[in-house]
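J.: Okay, so here is upload06.csv, and as you'll see once you scroll down, it has CSV, C-alpha atoms.
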```
chain,number,residue,atom,x,y,z
R,6,MET,CA,105.6,55.0,22.1
R,7,ILE,CA,108.8,55.7,20.1
R,8,ALA,CA,107.8,56.0,16.5
R,9,ASN,CA,110.5,56.0,13.8
R,10,TYR,CA,109.4,57.4,10.4
R,11,GLY,CA,111.4,57.5,7.3
R,12,TYR,CA,113.5,55.2,5.2
R,13,GLU,CA,116.9,53.8,4.3
R,14,ASP,CA,118.2,54.0,0.8
R,15,GLY,CA,121.4,53.8,-1.0
R,16,SER,CA,122.5,57.2,0.2
R,17,GLY,CA,121.8,56.9,3.9
R,18,PHE,CA,119.4,56.4,6.8
R,19,TYR,CA,116.8,59.1,7.1
R,20,TYR,CA,114.5,58.7,10.1
R,21,ILE,CA,112.7,61.1,12.4
R,22,THR,CA,112.1,59.7,15.8
R,23,ILE,CA,109.1,60.9,17.8
R,24,ASP,CA,108.5,60.0,21.5
R,25,THR,CA,104.8,60.2,21.4
R,26,ASP,CA,104.5,59.9,25.1
R,27,ALA,CA,105.7,63.5,25.2
R,28,CYS,CA,103.0,64.6,22.8
R,29,VAL,CA,100.2,63.5,25.1
R,30,ASN,CA,100.8,66.5,27.4
R,31,CYS,CA,101.5,68.9,24.6
R,32,SER,CA,98.7,71.4,23.6
R,33,GLY,CA,100.5,73.8,21.3
R,34,TYR,CA,101.8,71.3,18.8
R,35,ALA,CA,104.6,73.8,17.9
R,36,CYS,CA,106.4,71.2,15.7
R,37,THR,CA,103.6,71.5,13.1
R,38,LYS,CA,103.9,75.3,12.9
R,39,ALA,CA,107.7,75.4,13.1
R,40,CYS,CA,108.4,73.1,10.2
R,41,PRO,CA,108.4,75.0,6.8
R,42,GLY,CA,108.3,71.7,4.9
R,43,GLY,CA,105.0,70.5,6.5
R,44,VAL,CA,106.6,67.3,7.7
R,45,PHE,CA,104.6,67.0,10.9
R,46,ALA,CA,100.9,66.4,11.5
R,47,ILE,CA,98.8,65.7,14.6
R,48,GLU,CA,96.7,62.6,14.5
R,49,MET,CA,94.9,60.3,16.9
R,50,ASP,CA,96.9,57.2,17.4
R,51,ASP,CA,95.7,53.6,17.8
R,52,TYR,CA,95.4,54.1,21.5
R,53,ASP,CA,93.2,57.2,21.2
R,54,ASP,CA,95.9,59.8,22.1
R,55,PHE,CA,96.6,62.8,19.9
R,56,VAL,CA,100.2,62.7,18.9
R,57,ALA,CA,102.6,64.1,16.4
R,58,VAL,CA,103.4,62.0,13.3
R,59,VAL,CA,105.4,62.5,10.2
R,60,ALA,CA,102.8,63.2,7.6
R,61,GLU,CA,102.1,60.4,5.2
R,62,ALA,CA,103.2,62.5,2.2
R,63,ALA,CA,106.5,63.4,3.8
R,64,ARG,CA,107.6,59.9,5.0
R,65,LYS,CA,109.5,59.0,1.9
R,66,ARG,CA,110.9,62.5,1.2
R,67,LEU,CA,112.5,63.4,4.5
R,68,ARG,CA,116.0,64.0,3.1
R,69,GLU,CA,114.6,66.4,0.6
R,70,LEU,CA,112.1,68.2,2.8
R,71,CYS,CA,114.5,68.7,5.7
R,72,SER,CA,117.5,69.7,3.5
R,73,VAL,CA,116.7,73.4,3.7
R,74,CYS,CA,116.7,73.6,7.5
R,75,LYS,CA,119.7,71.4,7.8
R,76,ALA,CA,121.7,73.4,5.3
R,77,GLN,CA,121.0,76.6,7.3
R,78,ASN,CA,121.6,75.2,10.7
R,79,GLY,CA,124.9,73.4,11.1
R,80,SER,CA,126.5,70.4,9.6
R,81,GLY,CA,126.3,67.4,11.8
R,82,ALA,CA,123.3,65.4,13.0
R,83,SER,CA,124.0,66.3,16.6
R,84,GLU,CA,124.8,69.9,15.8
R,85,HIS,CA,121.7,70.9,14.0
R,86,LYS,CA,119.5,73.4,15.7
R,87,LEU,CA,116.4,72.7,13.6
R,88,PRO,CA,113.1,74.6,13.9
R,89,CYS,CA,111.2,71.5,14.7
R,90,THR,CA,113.5,70.2,17.5
R,91,GLU,CA,113.9,73.7,18.9
R,92,ALA,CA,110.1,74.2,18.9
R,93,CYS,CA,109.3,70.9,20.7
R,94,LEU,CA,109.7,71.8,24.3
R,95,GLY,CA,109.1,68.1,25.3
R,96,GLY,CA,112.2,67.1,23.5
R,97,ALA,CA,110.2,64.5,21.6
R,98,LEU,CA,111.9,64.9,18.2
R,99,ARG,CA,115.2,63.5,16.9
R,100,HIS,CA,116.7,63.2,13.4
R,101,SER,CA,118.9,60.3,12.5
R,102,TRP,CA,121.1,62.3,10.0
F,7,MET,CA,104.4,26.3,-25.6
F,8,ALA,CA,105.3,29.0,-23.1
F,9,ASP,CA,105.6,28.0,-19.5
F,10,THR,CA,102.7,29.7,-17.7
F,11,GLN,CA,103.4,28.4,-14.2
F,12,HIS,CA,103.4,31.2,-11.7
F,13,TYR,CA,106.2,30.2,-9.3
F,14,TRP,CA,105.5,33.2,-7.1
F,15,ARG,CA,102.0,32.0,-6.3
F,16,TRP,CA,101.8,31.0,-2.6
F,17,SER,CA,99.1,28.8,-1.2
F,18,GLU,CA,96.0,30.7,-0.1
F,19,LYS,CA,94.8,29.4,3.3
F,20,THR,CA,91.5,29.1,4.9
F,21,TYR,CA,90.4,27.7,8.3
F,22,GLN,CA,87.1,27.3,10.0
F,23,SER,CA,86.9,26.0,13.6
F,24,ALA,CA,84.8,22.9,14.1
F,25,ASP,CA,84.7,23.6,17.9
F,26,VAL,CA,83.1,27.1,17.9
F,27,ASP,CA,79.4,27.5,17.2
F,28,TRP,CA,79.0,31.1,16.0
F,29,ARG,CA,75.2,30.9,16.3
F,30,ARG,CA,75.5,30.8,20.1
F,31,ALA,CA,77.9,33.7,20.2
F,32,SER,CA,76.9,37.1,21.4
F,33,ALA,CA,79.5,39.0,19.4
F,34,ILE,CA,81.1,38.1,16.0
F,35,THR,CA,84.0,40.4,15.3
F,36,VAL,CA,86.2,40.5,12.3
F,37,GLY,CA,89.6,41.9,11.5
F,38,ILE,CA,90.6,42.6,7.8
F,39,ASP,CA,94.2,43.2,6.8
F,40,VAL,CA,94.4,44.5,3.3
F,41,GLY,CA,98.1,44.4,2.5
F,42,SER,CA,99.9,45.3,-0.7
F,43,VAL,CA,100.4,41.7,-1.7
F,44,SER,CA,98.0,39.6,0.4
F,45,SER,CA,94.7,40.2,2.3
F,46,GLN,CA,93.5,38.3,5.4
F,47,ALA,CA,90.3,38.1,7.3
F,48,VAL,CA,90.1,36.7,10.9
F,49,ILE,CA,86.7,36.2,12.5
F,50,LEU,CA,86.2,35.8,16.3
F,51,ALA,CA,83.1,34.5,18.1
F,52,ASP,CA,83.1,35.9,21.6
F,53,GLY,CA,86.8,36.5,21.3
F,54,LYS,CA,87.5,32.9,20.2
F,55,LEU,CA,89.1,32.1,16.8
F,56,LEU,CA,86.3,31.0,14.5
F,57,ALA,CA,87.8,31.3,11.0
F,58,PHE,CA,90.4,33.0,8.9
F,59,ASN,CA,91.3,33.3,5.3
F,60,SER,CA,94.4,34.5,3.5
F,61,THR,CA,94.2,35.5,-0.1
F,62,ARG,CA,96.0,37.5,-2.7
F,63,THR,CA,95.2,41.3,-2.9
F,64,GLY,CA,93.7,42.2,-6.2
F,65,SER,CA,93.6,45.5,-8.0
F,66,SER,CA,90.7,46.7,-5.8
F,67,SER,CA,91.1,47.0,-2.0
F,68,PRO,CA,87.4,46.8,-1.3
F,69,ASP,CA,87.0,43.7,-3.4
F,70,SER,CA,90.0,42.1,-1.8
F,71,ALA,CA,88.6,42.8,1.7
F,72,LEU,CA,85.3,41.3,0.7
F,73,ARG,CA,86.9,38.3,-0.9
F,74,ALA,CA,89.0,37.7,2.2
F,75,PHE,CA,86.0,37.9,4.4
F,76,ARG,CA,83.8,35.7,2.3
F,77,GLY,CA,86.6,33.0,2.1
F,78,ALA,CA,86.5,32.8,5.9
F,79,ALA,CA,82.8,33.3,6.4
F,80,GLU,CA,80.9,31.6,3.7
F,81,PRO,CA,81.8,28.0,4.6
F,82,LEU,CA,80.2,28.7,8.0
F,83,GLY,CA,77.1,30.4,6.5
F,84,LEU,CA,78.1,33.7,8.0
F,85,THR,CA,77.3,37.0,6.2
F,86,LEU,CA,78.3,40.6,6.8
F,87,ASP,CA,74.9,41.1,8.5
F,88,ASP,CA,76.1,38.8,11.3
F,89,ILE,CA,79.1,40.9,12.1
F,90,SER,CA,79.0,43.0,15.3
F,91,TYR,CA,82.1,45.0,14.7
F,92,ALA,CA,84.9,45.1,12.1
F,93,VAL,CA,88.3,46.6,12.1
F,94,GLY,CA,90.3,47.3,9.0
F,95,THR,CA,94.1,47.4,9.0
F,96,GLY,CA,97.0,47.3,6.5
F,97,TYR,CA,97.9,49.4,3.5
F,98,GLY,CA,94.3,49.3,2.2
F,99,ARG,CA,92.6,49.7,5.5
F,100,VAL,CA,90.8,52.9,4.6
F,101,ASN,CA,89.1,51.0,1.7
F,102,VAL,CA,87.5,48.2,3.8
F,103,PRO,CA,83.9,49.1,3.1
F,104,PHE,CA,82.4,47.4,6.1
F,105,ALA,CA,85.0,48.5,8.7
F,106,ASP,CA,83.7,50.3,11.8
F,107,ARG,CA,87.2,51.5,12.5
F,108,THR,CA,90.7,51.5,11.1
F,109,ILE,CA,93.8,50.7,13.1
F,110,THR,CA,97.4,50.7,11.8
F,111,GLU,CA,99.1,47.5,11.0
F,112,ILE,CA,101.8,48.3,13.5
F,113,ALA,CA,99.4,48.1,16.4
F,114,CYS,CA,97.5,45.1,14.9
F,115,HIS,CA,100.7,43.0,14.3
F,116,ALA,CA,101.7,43.8,17.9
F,117,ARG,CA,98.5,42.5,19.3
F,118,GLY,CA,98.4,39.6,16.9
F,119,ALA,CA,101.9,38.5,17.8
F,120,ASN,CA,101.1,38.9,21.5
F,121,TYR,CA,98.2,36.5,21.0
F,122,MET,CA,100.2,34.0,18.9
F,123,GLY,CA,103.5,34.0,20.8
F,124,GLY,CA,102.3,34.9,24.2
F,125,PRO,CA,103.0,37.8,26.6
F,126,SER,CA,106.8,37.2,26.7
F,127,ILE,CA,107.1,38.5,23.1
F,128,ARG,CA,109.0,41.8,23.1
F,129,THR,CA,110.3,42.2,19.6
F,130,ILE,CA,108.4,41.5,16.4
F,131,LEU,CA,109.7,41.5,12.9
F,132,ASP,CA,106.9,41.8,10.3
F,133,MET,CA,108.1,41.0,6.8
F,134,GLY,CA,105.2,42.2,4.7
F,135,GLY,CA,104.6,42.2,0.9
F,136,GLN,CA,106.2,45.5,0.3
F,137,ASP,CA,107.6,46.7,3.6
F,138,CYS,CA,109.4,45.5,6.6
F,139,LYS,CA,108.8,46.6,10.2
F,140,VAL,CA,110.4,46.0,13.6
F,141,ILE,CA,108.1,46.5,16.5
F,142,ARG,CA,108.9,46.5,20.3
F,143,ILE,CA,105.9,45.7,22.5
F,144,ASP,CA,105.1,45.3,26.2
F,145,GLU,CA,103.5,42.2,27.8
F,146,ARG,CA,100.0,43.4,26.8
F,147,GLY,CA,101.0,43.7,23.1
F,148,LYS,CA,101.0,47.5,23.2
F,149,VAL,CA,103.5,49.1,20.9
F,150,LEU,CA,106.5,50.8,22.6
F,151,ASN,CA,108.7,51.5,19.6
F,152,PHE,CA,108.7,50.8,15.9
F,153,ILE,CA,110.7,51.3,12.8
F,154,MET,CA,109.7,50.5,9.2
F,155,ASN,CA,111.1,50.7,5.8
F,156,ASP,CA,108.6,50.8,3.0
F,157,LYS,CA,110.5,52.8,0.4
F,158,CYS,CA,112.2,49.7,-1.2
F,159,ALA,CA,110.8,46.3,-2.0
F,160,ALA,CA,114.2,44.6,-1.4
F,161,GLY,CA,113.9,42.2,1.5
F,162,THR,CA,110.1,42.0,1.3
F,163,GLY,CA,107.6,39.4,0.1
F,164,ARG,CA,107.3,41.0,-3.3
F,165,GLY,CA,111.1,40.7,-3.8
F,166,MET,CA,110.9,37.0,-3.0
F,167,GLU,CA,108.1,36.5,-5.5
F,168,VAL,CA,110.2,38.1,-8.2
F,169,ILE,CA,113.1,35.7,-7.3
F,170,ALA,CA,110.8,32.7,-7.4
F,171,ASP,CA,109.7,33.6,-10.9
F,172,VAL,CA,113.2,34.5,-12.2
F,173,LEU,CA,114.6,31.2,-11.0
F,174,SER,CA,111.5,29.1,-11.8
F,175,VAL,CA,111.3,27.8,-8.2
F,176,PRO,CA,108.0,27.5,-6.4
F,177,ILE,CA,108.1,30.2,-3.7
F,178,GLU,CA,107.3,27.7,-0.9
F,179,ASP,CA,110.3,25.7,-1.8
F,180,ILE,CA,112.8,28.5,-1.7
F,181,GLY,CA,113.6,28.3,2.0
F,182,ARG,CA,114.3,24.6,2.0
F,183,ARG,CA,116.3,24.7,-1.3
F,184,SER,CA,118.4,27.6,-0.1
F,185,PHE,CA,120.0,25.2,2.4
F,186,GLU,CA,120.6,22.4,-0.1
F,187,ILE,CA,124.1,23.7,-0.9
F,188,ASP,CA,127.6,22.6,-0.2
F,189,GLU,CA,128.8,25.9,1.3
F,190,GLU,CA,127.0,29.1,2.3
F,191,PRO,CA,127.7,31.6,-0.4
F,192,ALA,CA,128.3,35.3,0.2
F,193,ALA,CA,125.1,37.3,0.1
F,194,VAL,CA,124.5,39.0,-3.2
F,195,SER,CA,125.5,42.6,-3.0
F,196,ASN,CA,122.4,43.9,-4.7
F,197,VAL,CA,118.9,42.8,-3.5
F,198,CYS,CA,117.2,45.4,-5.6
F,199,THR,CA,114.0,43.8,-6.9
F,200,VAL,CA,114.2,45.6,-10.2
F,201,PHE,CA,117.7,44.3,-10.9
F,202,ALA,CA,117.0,40.8,-9.5
F,203,LYS,CA,116.5,39.2,-12.9
F,204,SER,CA,119.7,40.4,-14.4
F,205,GLU,CA,121.8,39.7,-11.3
F,206,ALA,CA,120.4,36.1,-11.0
F,207,THR,CA,121.0,35.5,-14.7
F,208,SER,CA,124.6,36.7,-14.3
F,209,LEU,CA,125.2,34.3,-11.3
F,210,LEU,CA,123.7,31.4,-13.2
F,211,ARG,CA,126.0,32.1,-16.2
F,212,ALA,CA,128.9,32.2,-13.8
F,213,GLY,CA,128.2,28.6,-13.0
F,214,TRP,CA,126.2,29.0,-9.7
F,215,SER,CA,123.5,26.4,-9.1
F,216,VAL,CA,119.9,27.7,-8.6
F,217,ASN,CA,120.1,26.7,-5.0
F,218,LYS,CA,123.2,28.7,-4.4
F,219,VAL,CA,121.6,31.7,-6.0
F,220,LEU,CA,118.6,31.2,-3.7
F,221,ALA,CA,120.9,31.0,-0.7
F,222,ALA,CA,122.7,34.2,-1.7
F,223,TYR,CA,119.4,36.0,-2.1
F,224,CYS,CA,118.0,34.7,1.2
F,225,ALA,CA,121.2,35.8,2.9
F,226,ALA,CA,121.1,39.2,1.4
F,227,MET,CA,117.4,39.7,2.4
F,228,ALA,CA,118.3,38.5,5.9
F,229,GLN,CA,121.2,40.9,6.1
F,230,ARG,CA,119.1,43.8,5.1
F,231,VAL,CA,116.4,43.0,7.6
F,232,ALA,CA,118.9,42.2,10.4
F,233,GLY,CA,120.3,45.8,10.0
F,234,LEU,CA,116.9,47.2,10.7
F,235,ILE,CA,116.5,44.9,13.8
F,236,GLU,CA,119.9,45.8,15.1
F,237,ARG,CA,119.0,49.5,15.0
F,238,MET,CA,116.1,48.7,17.3
F,239,GLN,CA,118.1,46.3,19.5
F,240,VAL,CA,116.3,43.0,19.7
F,241,GLU,CA,114.9,42.1,23.1
F,242,ARG,CA,113.7,38.5,23.8
F,243,GLU,CA,111.4,37.0,23.0
F,244,PHE,CA,111.5,37.5,19.3
F,245,PHE,CA,108.6,36.7,16.9
F,246,ILE,CA,108.3,36.9,13.1
F,247,THR,CA,105.1,37.7,11.3
F,248,GLY,CA,104.2,38.2,7.7
F,249,GLY,CA,104.5,35.9,4.7
F,250,ILE,CA,108.3,35.8,4.7
F,251,GLY,CA,108.0,34.4,8.3
F,252,LYS,CA,107.3,31.1,6.6
F,253,ASN,CA,110.5,31.2,4.5
F,254,VAL,CA,113.1,29.4,6.7
F,255,GLY,CA,115.8,30.4,4.2
F,256,VAL,CA,115.4,34.0,5.4
F,257,THR,CA,114.3,33.5,9.0
F,258,ARG,CA,117.0,31.1,10.0
F,259,ARG,CA,119.6,33.4,8.5
F,260,ILE,CA,118.2,36.3,10.4
F,261,GLU,CA,118.3,34.3,13.6
F,262,ARG,CA,122.0,33.6,12.9
F,263,LEU,CA,122.8,37.2,12.2
F,264,ILE,CA,121.1,38.6,15.3
F,265,GLY,CA,122.0,35.7,17.5
F,266,VAL,CA,118.4,35.2,18.7
F,267,GLU,CA,116.1,32.4,17.9
F,268,ALA,CA,112.5,33.4,17.0
F,269,VAL,CA,109.6,31.9,18.9
F,270,LYS,CA,107.8,29.4,16.6
F,271,LEU,CA,104.2,28.4,16.5
F,272,SER,CA,103.7,24.8,17.7
F,273,ALA,CA,103.5,22.2,15.0
F,274,ASP,CA,99.8,21.5,15.8
F,275,SER,CA,98.8,25.2,15.7
F,276,VAL,CA,96.2,26.3,13.2
F,277,LEU,CA,97.6,29.8,13.2
F,278,ASP,CA,99.8,31.3,10.5
F,279,PRO,CA,102.3,34.1,10.8
F,280,GLN,CA,100.7,35.8,7.8
F,281,ILE,CA,97.4,36.4,9.6
F,282,ALA,CA,99.0,38.3,12.6
F,283,GLY,CA,97.7,41.7,11.4
F,284,ALA,CA,94.2,40.6,10.8
F,285,LEU,CA,94.2,38.6,14.0
F,286,GLY,CA,95.3,41.7,15.9
F,287,ALA,CA,92.6,43.7,14.2
F,288,SER,CA,89.9,41.1,15.1
F,289,LEU,CA,91.1,41.3,18.8
F,290,PHE,CA,90.8,45.1,18.7
F,291,ALA,CA,87.4,44.7,17.2
F,292,HIS,CA,86.3,42.5,20.0
F,293,SER,CA,87.6,44.9,22.6
F,294,LEU,CA,86.1,47.9,20.9
F,295,TYR,CA,82.7,46.2,20.6
F,296,ARG,CA,82.7,45.2,24.3
F,297,LYS,CA,83.7,48.8,25.2
F,298,ALA,CA,81.0,50.3,23.1
F,299,GLN,CA,78.4,47.9,24.7
F,300,LYS,CA,79.6,48.8,28.1
F,301,GLU,CA,79.3,52.5,27.3
F,302,ALA,CA,75.9,52.1,25.8
F,303,ALA,CA,74.7,50.2,28.9
F,304,ALA,CA,76.0,53.0,31.1
F,305,GLY,CA,74.0,55.5,29.0
F,306,ASN,CA,77.0,57.1,27.5
F,307,GLY,CA,75.9,56.5,23.9
F,308,GLY,CA,78.5,55.3,21.4
F,309,GLY,CA,76.6,52.2,20.1
F,310,ALA,CA,78.7,49.5,18.8
F,311,ALA,CA,77.6,49.8,15.3
F,312,GLU,CA,78.5,53.5,15.1
F,313,PRO,CA,81.6,53.9,13.0
F,314,ALA,CA,84.4,55.4,15.1
F,315,GLY,CA,86.0,56.9,12.0
F,316,GLU,CA,89.5,56.7,10.7
F,317,VAL,CA,92.1,56.6,13.3
F,318,ALA,CA,95.2,57.6,11.4
F,319,GLY,CA,97.9,56.1,13.4
F,320,ALA,CA,101.6,55.6,13.2
F,321,ALA,CA,102.1,53.2,10.4
F,322,GLY,CA,100.7,55.1,7.6
```
Give the structure from the file, written as structure tokens.

T.:
Amino acid sequence: MIANYGYEDGSGFYYITIDTDACVNCSGYACTKACPGGVFAIEMDDYDDFVAVVAEAARKRLRELCSVCKAQNGSGASEHKLPCTEACLGGALRHSW
Amino acid sequence: MADTQHYWRWSEKTYQSADVDWRRASAITVGIDVGSVSSQAVILADGKLLAFNSTRTGSSSPDSALRAFRGAAEPLGLTLDDISYAVGTGYGRVNVPFADRTITEIACHARGANYMGGPSIRTILDMGGQDCKVIRIDERGKVLNFIMNDKCAAGTGRGMEVIADVLSVPIEDIGRRSFEIDEEPAAVSNVCTVFAKSEATSLLRAGWSVNKVLAAYCAAMAQRVAGLIERMQVEREFFITGGIGKNVGVTRRIERLIGVEAVKLSADSVLDPQIAGALGASLFAHSLYRKAQKEAAAGNGGGAAEPAGEVAGAAG
């Protein structure tokens, strides 16, 4: 499943996309450890697979929580080398901004 | 004397099947969808639709869940003791006191829409009370992809309720009246629910008719939602669930914008787009109960009445 977590507001479109099919074969869940903002969590989904999600508390604060990593790691959405996307060996994570 | 009419108040709905005898059923399963604005209960007897009820969510989610259930069950003489398995969904799903399991509204709307619209449904737009979701599903109703926006009430049921009260138009008349205009106006630039009153007042002062203001708001809501749909790329067939699914002023304008007509329920259908989440939850409850029975029969334990616990899924 492709899960898009986040929001759109007057300043832009802030979504993190997770391909949860890639999480099914992941055992290390490196994304949760790599993110200094605590954006990611592992939960059992509706189909009984353990997958990465954007934590409930982070879903409406992505712009703010991700700003530190984005400021340190490049300037464009495609140019960012973020701790979370680098840590996910399955390539499951993508940021929209 | 002050006008105390609540224009936002939509009709609560209840249905009990005259064709299904629940006393002969081996499994009575229930789905409860506690949303931010409305709560629904759908009851199945051996997987067949027995009853449903749609009511307004109150200040207490557990009370709302019980009220929704009782509205569907009591006319049939059903009580909670007769229920084999219950699934809670929606914003208040963790507060459904009699739920054996919780499942996200994303998965439940997907399954409910698959039941209502058939296996050809691939894209669902759920316009809820305080959020909006676009869900892509497969032929079995399993979620493939979803996106939601719940940070802003603009373009949601609550936003439409505010417009109804501001313009003193019963909410169920808004869709029809929004087409009773000479020419389609431009969409209002600001659909912010907080600023709706001041903006509507400004337009009326500028000489706009109430219907023209309604049209401009419906168009703005449609534009906002269409943007979310286009990000997901609509795939036919397309189905709309949620309370706003009954507002033709918004749905027809969405269809125009995305160039795809939504699949409609047949005129003689007893179903309602607002119950899709609870219907999906009741279908999950039926499957889970049967699965638990099978496992128990095979000696694997996991009796049906055992709570499976919270399944924190995608929708949050």

J.: What lies within 10 Å of range 28-43 of chain R using all atoms listed in the file, ignoring chain neighbours under 2 positions off, as a ChimeraX atom specification?

T.: /R:6,23-26,45-47,54-60,62-63,67,69-74,87-98

J.: At a cut-off of 12 Å, list the chain F residues touching chain R, using all atoms listed in the file, as a PDB file with C-alpha atoms, in the frame of the given file.

T.:
```pdb
ATOM      1  CA  VAL F  93      88.300  46.600  12.100  1.00  0.00           C
ATOM      2  CA  THR F  95      94.100  47.400   9.000  1.00  0.00           C
ATOM      3  CA  TYR F  97      97.900  49.400   3.500  1.00  0.00           C
ATOM      4  CA  ARG F 107      87.200  51.500  12.500  1.00  0.00           C
ATOM      5  CA  THR F 108      90.700  51.500  11.100  1.00  0.00           C
ATOM      6  CA  ILE F 109      93.800  50.700  13.100  1.00  0.00           C
ATOM      7  CA  THR F 110      97.400  50.700  11.800  1.00  0.00           C
ATOM      8  CA  GLU F 111      99.100  47.500  11.000  1.00  0.00           C
ATOM      9  CA  ILE F 112     101.800  48.300  13.500  1.00  0.00           C
ATOM     10  CA  ALA F 113      99.400  48.100  16.400  1.00  0.00           C
ATOM     11  CA  CYS F 114      97.500  45.100  14.900  1.00  0.00           C
ATOM     12  CA  ALA F 116     101.700  43.800  17.900  1.00  0.00           C
ATOM     13  CA  ARG F 117      98.500  42.500  19.300  1.00  0.00           C
ATOM     14  CA  ASP F 137     107.600  46.700   3.600  1.00  0.00           C
ATOM     15  CA  CYS F 138     109.400  45.500   6.600  1.00  0.00           C
ATOM     16  CA  LYS F 139     108.800  46.600  10.200  1.00  0.00           C
ATOM     17  CA  VAL F 140     110.400  46.000  13.600  1.00  0.00           C
ATOM     18  CA  ILE F 141     108.100  46.500  16.500  1.00  0.00           C
ATOM     19  CA  ARG F 142     108.900  46.500  20.300  1.00  0.00           C
ATOM     20  CA  ILE F 143     105.900  45.700  22.500  1.00  0.00           C
ATOM     21  CA  ASP F 144     105.100  45.300  26.200  1.00  0.00           C
ATOM     22  CA  GLY F 147     101.000  43.700  23.100  1.00  0.00           C
ATOM     23  CA  LYS F 148     101.000  47.500  23.200  1.00  0.00           C
ATOM     24  CA  VAL F 149     103.500  49.100  20.900  1.00  0.00           C
ATOM     25  CA  LEU F 150     106.500  50.800  22.600  1.00  0.00           C
ATOM     26  CA  ASN F 151     108.700  51.500  19.600  1.00  0.00           C
ATOM     27  CA  PHE F 152     108.700  50.800  15.900  1.00  0.00           C
ATOM     28  CA  ILE F 153     110.700  51.300  12.800  1.00  0.00           C
ATOM     29  CA  MET F 154     109.700  50.500   9.200  1.00  0.00           C
ATOM     30  CA  ASN F 155     111.100  50.700   5.800  1.00  0.00           C
ATOM     31  CA  ASP F 156     108.600  50.800   3.000  1.00  0.00           C
ATOM     32  CA  LYS F 157     110.500  52.800   0.400  1.00  0.00           C
ATOM     33  CA  CYS F 158     112.200  49.700  -1.200  1.00  0.00           C
ATOM     34  CA  ALA F 159     110.800  46.300  -2.000  1.00  0.00           C
ATOM     35  CA  ALA F 160     114.200  44.600  -1.400  1.00  0.00           C
ATOM     36  CA  ASN F 196     122.400  43.900  -4.700  1.00  0.00           C
ATOM     37  CA  VAL F 197     118.900  42.800  -3.500  1.00  0.00           C
ATOM     38  CA  CYS F 198     117.200  45.400  -5.600  1.00  0.00           C
ATOM     39  CA  ARG F 230     119.100  43.800   5.100  1.00  0.00           C
ATOM     40  CA  VAL F 231     116.400  43.000   7.600  1.00  0.00           C
ATOM     41  CA  GLY F 233     120.300  45.800  10.000  1.00  0.00           C
ATOM     42  CA  LEU F 234     116.900  47.200  10.700  1.00  0.00           C
ATOM     43  CA  ARG F 237     119.000  49.500  15.000  1.00  0.00           C
ATOM     44  CA  MET F 238     116.100  48.700  17.300  1.00  0.00           C
ATOM     45  CA  ALA F 287      92.600  43.700  14.200  1.00  0.00           C
ATOM     46  CA  PHE F 290      90.800  45.100  18.700  1.00  0.00           C
ATOM     47  CA  LEU F 294      86.100  47.900  20.900  1.00  0.00           C
ATOM     48  CA  ALA F 314      84.400  55.400  15.100  1.00  0.00           C
ATOM     49  CA  GLY F 315      86.000  56.900  12.000  1.00  0.00           C
ATOM     50  CA  GLU F 316      89.500  56.700  10.700  1.00  0.00           C
ATOM     51  CA  VAL F 317      92.100  56.600  13.300  1.00  0.00           C
ATOM     52  CA  ALA F 318      95.200  57.600  11.400  1.00  0.00           C
ATOM     53  CA  GLY F 319      97.900  56.100  13.400  1.00  0.00           C
ATOM     54  CA  ALA F 320     101.600  55.600  13.200  1.00  0.00           C
ATOM     55  CA  ALA F 321     102.100  53.200  10.400  1.00  0.00           C
ATOM     56  CA  GLY F 322     100.700  55.100   7.600  1.00  0.00           C
TER      57      GLY F 322
END
```

J.: What does the distance from CA of Tyr19 in chain R to CA of Phe201 in chain F come to in Å, to one decimal?

T.: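 Pair CA of Tyr19 in chain R / CA of Phe201 in chain F returns 23.3 Å.
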
J.: Quick one: everything within 6 Å of range 239-256 of chain F, counting all atoms listed in the file, minus sequence neighbours fewer than 4 positions away in the same chain. Send it as a list in words.

T.: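 Contacts, in chain order: Ser126, Ile127, Arg128, Thr129, Ile130, Leu131, Asp132, Met133, Gly134, Gly163, Gly181, Ser184, Cys224, Ala228, Ala268, Val269, Pro279 and Gln280 of chain F.
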
J.: Work out how far apart CA of Ala51 in chain F and CA of Gly135 in chain F are and give it in Å to one decimal.

T.: 28.6 Å

J.: Interatomic distance between CA of Ala291 in chain F and CA of Ala92 in chain F?

T.: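 Taking CA of Ala291 in chain F and CA of Ala92 in chain F, their separation equals 5.7 Å.
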
J.: Would you mind putting back N, CA and C atoms on range 64-69 of chain R, then writing it out as a compact mmCIF listing (two decimals), keeping the file's coordinate frame?

T.:
```txt
# COMPACT_ATOMS: atom_id res chain seq x y z
N ARG R 64 106.83 61.02 4.42
CA ARG R 64 107.60 59.90 5.00
C ARG R 64 108.71 59.39 4.06
N LYS R 65 108.52 59.50 2.78
CA LYS R 65 109.50 59.00 1.90
C LYS R 65 110.33 60.13 1.22
N ARG R 66 110.20 61.35 1.79
CA ARG R 66 110.90 62.50 1.20
C ARG R 66 111.64 63.29 2.27
N LEU R 67 111.99 62.66 3.37
CA LEU R 67 112.50 63.40 4.50
C LEU R 67 113.87 64.10 4.13
N ARG R 68 114.71 63.38 3.42
CA ARG R 68 116.00 64.00 3.10
C ARG R 68 115.82 65.28 2.34
N GLU R 69 114.90 65.24 1.39
CA GLU R 69 114.60 66.40 0.60
C GLU R 69 113.95 67.52 1.37
```
